[in-house]
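Chemist: Sharing target-v1.txt below, compact mmCIF, N, CA and C atoms:
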# COMPACT_ATOMS: atom_id res chain seq x y z
N MET A 1 -53.11 -56.86 -3.98
CA MET A 1 -52.58 -55.57 -3.62
C MET A 1 -52.15 -55.64 -2.15
N LYS A 2 -50.95 -55.18 -1.90
CA LYS A 2 -50.39 -55.23 -0.57
C LYS A 2 -50.65 -53.91 0.15
N ARG A 3 -51.04 -54.00 1.39
CA ARG A 3 -51.29 -52.79 2.19
C ARG A 3 -49.98 -52.21 2.69
N THR A 4 -49.90 -50.93 2.65
CA THR A 4 -48.74 -50.22 3.19
C THR A 4 -49.20 -49.35 4.34
N GLU A 5 -48.25 -48.68 4.95
CA GLU A 5 -48.61 -47.79 6.05
C GLU A 5 -49.47 -46.65 5.53
N ALA A 6 -50.43 -46.27 6.34
CA ALA A 6 -51.33 -45.18 5.96
C ALA A 6 -50.59 -43.85 6.03
N LYS A 7 -50.84 -43.00 5.06
CA LYS A 7 -50.24 -41.67 5.02
C LYS A 7 -51.35 -40.64 5.04
N THR A 8 -51.04 -39.49 5.59
CA THR A 8 -52.02 -38.42 5.58
C THR A 8 -52.05 -37.77 4.20
N VAL A 9 -53.12 -37.09 3.92
CA VAL A 9 -53.26 -36.41 2.63
C VAL A 9 -52.18 -35.33 2.48
N GLY A 10 -51.88 -34.64 3.57
CA GLY A 10 -50.85 -33.61 3.53
C GLY A 10 -49.49 -34.18 3.17
N ASP A 11 -49.16 -35.36 3.72
CA ASP A 11 -47.89 -36.00 3.40
C ASP A 11 -47.83 -36.41 1.93
N ILE A 12 -48.93 -36.90 1.42
CA ILE A 12 -48.98 -37.32 0.02
C ILE A 12 -48.81 -36.12 -0.91
N ILE A 13 -49.48 -35.01 -0.59
CA ILE A 13 -49.36 -33.80 -1.40
C ILE A 13 -47.94 -33.26 -1.36
N SER A 14 -47.34 -33.24 -0.17
CA SER A 14 -45.95 -32.77 -0.05
C SER A 14 -45.01 -33.63 -0.87
N GLN A 15 -45.22 -34.93 -0.84
CA GLN A 15 -44.37 -35.84 -1.60
C GLN A 15 -44.51 -35.59 -3.10
N LEU A 16 -45.74 -35.40 -3.56
CA LEU A 16 -45.97 -35.13 -4.99
C LEU A 16 -45.34 -33.81 -5.43
N LEU A 17 -45.46 -32.79 -4.58
CA LEU A 17 -44.86 -31.50 -4.91
C LEU A 17 -43.35 -31.60 -5.02
N LYS A 18 -42.73 -32.34 -4.13
CA LYS A 18 -41.27 -32.51 -4.17
C LYS A 18 -40.85 -33.32 -5.38
N GLU A 19 -41.60 -34.34 -5.72
CA GLU A 19 -41.26 -35.18 -6.87
C GLU A 19 -41.31 -34.39 -8.18
N ASP A 20 -42.26 -33.48 -8.29
CA ASP A 20 -42.42 -32.69 -9.52
C ASP A 20 -41.70 -31.35 -9.45
N ASN A 21 -40.92 -31.14 -8.39
CA ASN A 21 -40.19 -29.88 -8.18
C ASN A 21 -41.12 -28.68 -8.16
N LEU A 22 -42.29 -28.85 -7.60
CA LEU A 22 -43.25 -27.76 -7.50
C LEU A 22 -43.29 -27.14 -6.11
N ASP A 23 -42.54 -27.69 -5.16
CA ASP A 23 -42.59 -27.19 -3.81
C ASP A 23 -42.05 -25.76 -3.73
N ARG A 24 -41.06 -25.41 -4.53
CA ARG A 24 -40.53 -24.04 -4.56
C ARG A 24 -41.58 -23.06 -5.08
N GLN A 25 -42.27 -23.43 -6.15
CA GLN A 25 -43.32 -22.57 -6.70
C GLN A 25 -44.48 -22.44 -5.72
N PHE A 26 -44.79 -23.50 -5.03
CA PHE A 26 -45.86 -23.46 -4.03
C PHE A 26 -45.49 -22.49 -2.91
N ASP A 27 -44.24 -22.55 -2.44
CA ASP A 27 -43.79 -21.64 -1.39
C ASP A 27 -43.80 -20.19 -1.87
N GLU A 28 -43.44 -19.96 -3.14
CA GLU A 28 -43.47 -18.60 -3.67
C GLU A 28 -44.90 -18.05 -3.71
N GLN A 29 -45.84 -18.86 -4.11
CA GLN A 29 -47.24 -18.42 -4.12
C GLN A 29 -47.78 -18.21 -2.70
N LYS A 30 -47.25 -18.98 -1.78
CA LYS A 30 -47.63 -18.84 -0.38
C LYS A 30 -47.20 -17.47 0.15
N VAL A 31 -46.01 -17.01 -0.25
CA VAL A 31 -45.52 -15.69 0.17
C VAL A 31 -46.42 -14.60 -0.39
N VAL A 32 -46.82 -14.72 -1.65
CA VAL A 32 -47.72 -13.74 -2.26
C VAL A 32 -49.04 -13.70 -1.50
N TYR A 33 -49.54 -14.85 -1.11
CA TYR A 33 -50.80 -14.94 -0.37
C TYR A 33 -50.65 -14.35 1.04
N LEU A 34 -49.49 -14.52 1.67
CA LEU A 34 -49.27 -14.07 3.04
C LEU A 34 -48.92 -12.58 3.15
N TRP A 35 -48.66 -11.91 2.03
CA TRP A 35 -48.28 -10.50 2.06
C TRP A 35 -49.22 -9.64 2.88
N PRO A 36 -50.55 -9.68 2.68
CA PRO A 36 -51.43 -8.82 3.48
C PRO A 36 -51.37 -9.15 4.97
N GLU A 37 -51.19 -10.39 5.30
CA GLU A 37 -51.12 -10.80 6.71
C GLU A 37 -49.84 -10.29 7.37
N VAL A 38 -48.75 -10.30 6.64
CA VAL A 38 -47.45 -9.89 7.20
C VAL A 38 -47.36 -8.38 7.35
N VAL A 39 -47.79 -7.62 6.35
CA VAL A 39 -47.64 -6.17 6.39
C VAL A 39 -48.86 -5.45 6.93
N GLY A 40 -50.00 -6.09 6.95
CA GLY A 40 -51.23 -5.46 7.43
C GLY A 40 -52.05 -4.88 6.29
N GLN A 41 -53.30 -4.61 6.60
CA GLN A 41 -54.22 -4.12 5.58
C GLN A 41 -53.91 -2.69 5.13
N GLY A 42 -53.32 -1.88 6.01
CA GLY A 42 -52.99 -0.50 5.64
C GLY A 42 -52.00 -0.44 4.50
N ILE A 43 -50.94 -1.22 4.58
CA ILE A 43 -49.94 -1.25 3.51
C ILE A 43 -50.47 -2.01 2.31
N ASN A 44 -51.20 -3.07 2.56
CA ASN A 44 -51.74 -3.86 1.45
C ASN A 44 -52.68 -3.05 0.58
N ARG A 45 -53.34 -2.07 1.16
CA ARG A 45 -54.26 -1.22 0.40
C ARG A 45 -53.55 -0.48 -0.74
N TYR A 46 -52.27 -0.17 -0.55
CA TYR A 46 -51.49 0.54 -1.57
C TYR A 46 -50.72 -0.39 -2.49
N THR A 47 -50.82 -1.69 -2.26
CA THR A 47 -50.15 -2.67 -3.11
C THR A 47 -51.06 -3.00 -4.28
N THR A 48 -50.66 -2.59 -5.49
CA THR A 48 -51.51 -2.81 -6.65
C THR A 48 -51.28 -4.18 -7.29
N SER A 49 -50.06 -4.68 -7.22
CA SER A 49 -49.79 -6.04 -7.71
C SER A 49 -48.55 -6.59 -7.02
N ARG A 50 -48.48 -7.91 -6.97
CA ARG A 50 -47.34 -8.58 -6.36
C ARG A 50 -47.19 -9.96 -6.98
N TRP A 51 -45.94 -10.37 -7.20
CA TRP A 51 -45.66 -11.70 -7.71
C TRP A 51 -44.23 -12.06 -7.33
N VAL A 52 -43.93 -13.35 -7.40
CA VAL A 52 -42.60 -13.85 -7.08
C VAL A 52 -42.05 -14.59 -8.29
N LYS A 53 -40.79 -14.32 -8.60
CA LYS A 53 -40.11 -15.04 -9.68
C LYS A 53 -38.67 -15.29 -9.24
N ASN A 54 -38.29 -16.54 -9.22
CA ASN A 54 -36.92 -16.96 -8.85
C ASN A 54 -36.46 -16.39 -7.52
N GLY A 55 -37.33 -16.40 -6.53
CA GLY A 55 -36.95 -15.96 -5.19
C GLY A 55 -36.96 -14.46 -4.98
N VAL A 56 -37.46 -13.71 -5.96
CA VAL A 56 -37.54 -12.25 -5.85
C VAL A 56 -39.01 -11.85 -5.83
N LEU A 57 -39.39 -11.11 -4.80
CA LEU A 57 -40.76 -10.60 -4.68
C LEU A 57 -40.83 -9.25 -5.37
N TYR A 58 -41.71 -9.13 -6.35
CA TYR A 58 -41.92 -7.88 -7.08
C TYR A 58 -43.22 -7.25 -6.58
N LEU A 59 -43.13 -5.98 -6.21
CA LEU A 59 -44.29 -5.26 -5.68
C LEU A 59 -44.50 -3.97 -6.46
N HIS A 60 -45.75 -3.64 -6.71
CA HIS A 60 -46.12 -2.33 -7.24
C HIS A 60 -46.87 -1.62 -6.13
N ILE A 61 -46.32 -0.52 -5.68
CA ILE A 61 -46.90 0.26 -4.59
C ILE A 61 -47.34 1.61 -5.16
N SER A 62 -48.58 2.00 -4.88
CA SER A 62 -49.11 3.23 -5.48
C SER A 62 -48.71 4.49 -4.72
N SER A 63 -48.18 4.39 -3.53
CA SER A 63 -47.77 5.54 -2.74
C SER A 63 -46.25 5.66 -2.75
N ALA A 64 -45.74 6.82 -3.19
CA ALA A 64 -44.30 7.03 -3.25
C ALA A 64 -43.68 7.04 -1.85
N VAL A 65 -44.37 7.62 -0.90
CA VAL A 65 -43.87 7.67 0.47
C VAL A 65 -43.76 6.26 1.05
N LEU A 66 -44.79 5.47 0.88
CA LEU A 66 -44.79 4.10 1.37
C LEU A 66 -43.74 3.26 0.63
N ARG A 67 -43.59 3.49 -0.65
CA ARG A 67 -42.59 2.77 -1.44
C ARG A 67 -41.19 3.02 -0.87
N ASN A 68 -40.90 4.27 -0.56
CA ASN A 68 -39.60 4.62 0.02
C ASN A 68 -39.42 3.98 1.39
N GLU A 69 -40.44 3.99 2.19
CA GLU A 69 -40.40 3.38 3.52
C GLU A 69 -40.15 1.87 3.44
N LEU A 70 -40.82 1.21 2.51
CA LEU A 70 -40.63 -0.23 2.34
C LEU A 70 -39.24 -0.56 1.80
N MET A 71 -38.70 0.30 0.95
CA MET A 71 -37.35 0.09 0.42
C MET A 71 -36.33 0.08 1.55
N MET A 72 -36.53 0.94 2.54
CA MET A 72 -35.58 1.02 3.65
C MET A 72 -35.69 -0.17 4.60
N SER A 73 -36.84 -0.82 4.62
CA SER A 73 -37.03 -1.95 5.54
C SER A 73 -37.14 -3.29 4.80
N ARG A 74 -36.47 -3.40 3.65
CA ARG A 74 -36.53 -4.63 2.86
C ARG A 74 -36.02 -5.85 3.60
N THR A 75 -34.91 -5.72 4.31
CA THR A 75 -34.34 -6.89 4.99
C THR A 75 -35.29 -7.41 6.06
N THR A 76 -35.95 -6.51 6.77
CA THR A 76 -36.92 -6.92 7.77
C THR A 76 -38.11 -7.60 7.12
N LEU A 77 -38.57 -7.05 6.01
CA LEU A 77 -39.70 -7.66 5.28
C LEU A 77 -39.34 -9.05 4.78
N ILE A 78 -38.15 -9.22 4.24
CA ILE A 78 -37.72 -10.53 3.75
C ILE A 78 -37.73 -11.54 4.89
N LYS A 79 -37.19 -11.13 6.02
CA LYS A 79 -37.15 -12.02 7.19
C LYS A 79 -38.55 -12.41 7.64
N ARG A 80 -39.44 -11.43 7.74
CA ARG A 80 -40.81 -11.71 8.21
C ARG A 80 -41.59 -12.57 7.22
N LEU A 81 -41.41 -12.34 5.93
CA LEU A 81 -42.10 -13.14 4.92
C LEU A 81 -41.61 -14.59 4.93
N ASN A 82 -40.30 -14.77 5.05
CA ASN A 82 -39.75 -16.13 5.11
C ASN A 82 -40.19 -16.86 6.37
N GLU A 83 -40.27 -16.15 7.49
CA GLU A 83 -40.76 -16.76 8.72
C GLU A 83 -42.22 -17.17 8.57
N ALA A 84 -43.02 -16.33 7.95
CA ALA A 84 -44.44 -16.64 7.76
C ALA A 84 -44.61 -17.84 6.83
N ALA A 85 -43.75 -17.95 5.83
CA ALA A 85 -43.83 -19.07 4.89
C ALA A 85 -43.25 -20.34 5.48
N GLY A 86 -42.42 -20.20 6.52
CA GLY A 86 -41.83 -21.37 7.14
C GLY A 86 -40.67 -21.95 6.36
N ASN A 87 -40.10 -21.15 5.47
CA ASN A 87 -39.04 -21.63 4.61
C ASN A 87 -38.29 -20.43 4.05
N GLU A 88 -37.05 -20.60 3.62
CA GLU A 88 -36.28 -19.54 2.99
C GLU A 88 -36.70 -19.45 1.52
N VAL A 89 -37.66 -18.58 1.24
CA VAL A 89 -38.26 -18.48 -0.09
C VAL A 89 -37.79 -17.23 -0.83
N ILE A 90 -37.81 -16.10 -0.14
CA ILE A 90 -37.50 -14.80 -0.73
C ILE A 90 -36.08 -14.39 -0.35
N HIS A 91 -35.30 -13.95 -1.33
CA HIS A 91 -33.97 -13.44 -1.03
C HIS A 91 -33.82 -11.96 -1.43
N ASP A 92 -34.81 -11.41 -2.13
CA ASP A 92 -34.76 -10.00 -2.50
C ASP A 92 -36.17 -9.51 -2.79
N ILE A 93 -36.35 -8.19 -2.66
CA ILE A 93 -37.63 -7.55 -2.96
C ILE A 93 -37.37 -6.38 -3.90
N VAL A 94 -38.14 -6.31 -4.97
CA VAL A 94 -38.07 -5.20 -5.92
C VAL A 94 -39.39 -4.44 -5.78
N ILE A 95 -39.28 -3.15 -5.47
CA ILE A 95 -40.48 -2.33 -5.26
C ILE A 95 -40.52 -1.26 -6.33
N ARG A 96 -41.63 -1.19 -7.04
CA ARG A 96 -41.81 -0.20 -8.11
C ARG A 96 -42.97 0.69 -7.80
Kindly transcribe the structure held in the file into C-alpha cells.

Modeler:
Amino acid sequence: MKRTEAKTVGDIISQLLKEDNLDRQFDEQKVVYLWPEVVGQGINRYTTSRWVKNGVLYLHISSAVLRNELMMSRTTLIKRLNEAAGNEVIHDIVIR
C-alpha cells in the first residue's frame, strides 16, 4: 500500500458529499438548522415548521402579523440565510 498525502476528516467528508451530489442537500439542511440563529429566538418561537426543497425555504408561521412582516423582508432574509450558510442555497421563501 502506497502512502499518499494526509487529508483532514473535513476534506474527506466534503469530497464524499460532492461525489454523491449530497453537498446541495447538506447546505439546505444547514439553512434549516441556522434559521433560529439568523432570525432570533423571538421569531423562531412562532415558526411551527420549516424545510427546504429545491432551493425554496418553506415556513409555517403561527402569527399572521409576523407572517406579513417576514413576507415584506424576504429578500433580506434570503441574503442573510445564504451568508450564514456560506453558499448560495436559498433563492426563494414561501411563508404560510

Chemist: Compile the contact shell of stretch 50-62 of chain A as an MDAnalysis selection string: residues with an atom at most 6.5 Å away, counting only N, CA and C atoms, same-chain residues fewer than 3 positions apart removed.

Modeler: chainID A and resid 28 32 46:47 67 89:96

Chemist: Quick one: pull the distance between atom CA of A:Asp23 and atom C of A:Thr8, Å, one decimal.

Modeler: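 Atom C of A:Thr8 lies 16.3 Å from atom CA of A:Asp23.
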
Chemist: Taking the chain letters and numbering used in this document, name the residues of stretch 19-84 of chain A that DSSP puts in strand (DSSP E), as a JSON list (two decimals) with N, CA and C atoms, in the frame of the given file.

Modeler:
[["chain", "number", "residue", "atom", "x", "y", "z"],
["A", 47, "THR", "N", -50.82, -1.69, -2.26],
["A", 47, "THR", "CA", -50.15, -2.67, -3.11],
["A", 47, "THR", "C", -51.06, -3.00, -4.28],
["A", 48, "THR", "N", -50.66, -2.59, -5.49],
["A", 48, "THR", "CA", -51.51, -2.81, -6.65],
["A", 48, "THR", "C", -51.28, -4.18, -7.29],
["A", 49, "SER", "N", -50.06, -4.68, -7.22],
["A", 49, "SER", "CA", -49.79, -6.04, -7.71],
["A", 49, "SER", "C", -48.55, -6.59, -7.02],
["A", 50, "ARG", "N", -48.48, -7.91, -6.97],
["A", 50, "ARG", "CA", -47.34, -8.58, -6.36],
["A", 50, "ARG", "C", -47.19, -9.96, -6.98],
["A", 51, "TRP", "N", -45.94, -10.37, -7.20],
["A", 51, "TRP", "CA", -45.66, -11.70, -7.71],
["A", 51, "TRP", "C", -44.23, -12.06, -7.33],
["A", 52, "VAL", "N", -43.93, -13.35, -7.40],
["A", 52, "VAL", "CA", -42.60, -13.85, -7.08],
["A", 52, "VAL", "C", -42.05, -14.59, -8.29],
["A", 53, "LYS", "N", -40.79, -14.32, -8.60],
["A", 53, "LYS", "CA", -40.11, -15.04, -9.68],
["A", 53, "LYS", "C", -38.67, -15.29, -9.24],
["A", 56, "VAL", "N", -37.46, -13.71, -5.96],
["A", 56, "VAL", "CA", -37.54, -12.25, -5.85],
["A", 56, "VAL", "C", -39.01, -11.85, -5.83],
["A", 57, "LEU", "N", -39.39, -11.11, -4.80],
["A", 57, "LEU", "CA", -40.76, -10.60, -4.68],
["A", 57, "LEU", "C", -40.83, -9.25, -5.37],
["A", 58, "TYR", "N", -41.71, -9.13, -6.35],
["A", 58, "TYR", "CA", -41.92, -7.88, -7.08],
["A", 58, "TYR", "C", -43.22, -7.25, -6.58],
["A", 59, "LEU", "N", -43.13, -5.98, -6.21],
["A", 59, "LEU", "CA", -44.29, -5.26, -5.68],
["A", 59, "LEU", "C", -44.50, -3.97, -6.46],
["A", 60, "HIS", "N", -45.75, -3.64, -6.71],
["A", 60, "HIS", "CA", -46.12, -2.33, -7.24],
["A", 60, "HIS", "C", -46.87, -1.62, -6.13],
["A", 61, "ILE", "N", -46.32, -0.52, -5.68],
["A", 61, "ILE", "CA", -46.90, 0.26, -4.59],
["A", 61, "ILE", "C", -47.34, 1.61, -5.16]]

Chemist: Can you tell me, as a count of residues only, which residues in chain A count as alpha helix (DSSP H) by DSSP?

Modeler: 53

Chemist: Restricting the calculation to only C-alpha atoms, which member of A:Ile13, A:Thr48, A:Glu88, A:Ala64 is positioned closest to A:Pro36?

Modeler: A:Thr48

Chemist: Mind pulling up the distance from atom N of A:Ile43 to atom C of A:Asp27?

Modeler: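 So the two atoms, atom C of A:Asp27 and atom N of A:Ile43, lie 21.3 Å apart.
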
Chemist: For a test of reading the model, state the distance in Å between atom C of A:Arg45 and atom C of A:Ala84, rounded to one decimal.

Modeler: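 These atoms are spaced 20.9 Å apart.
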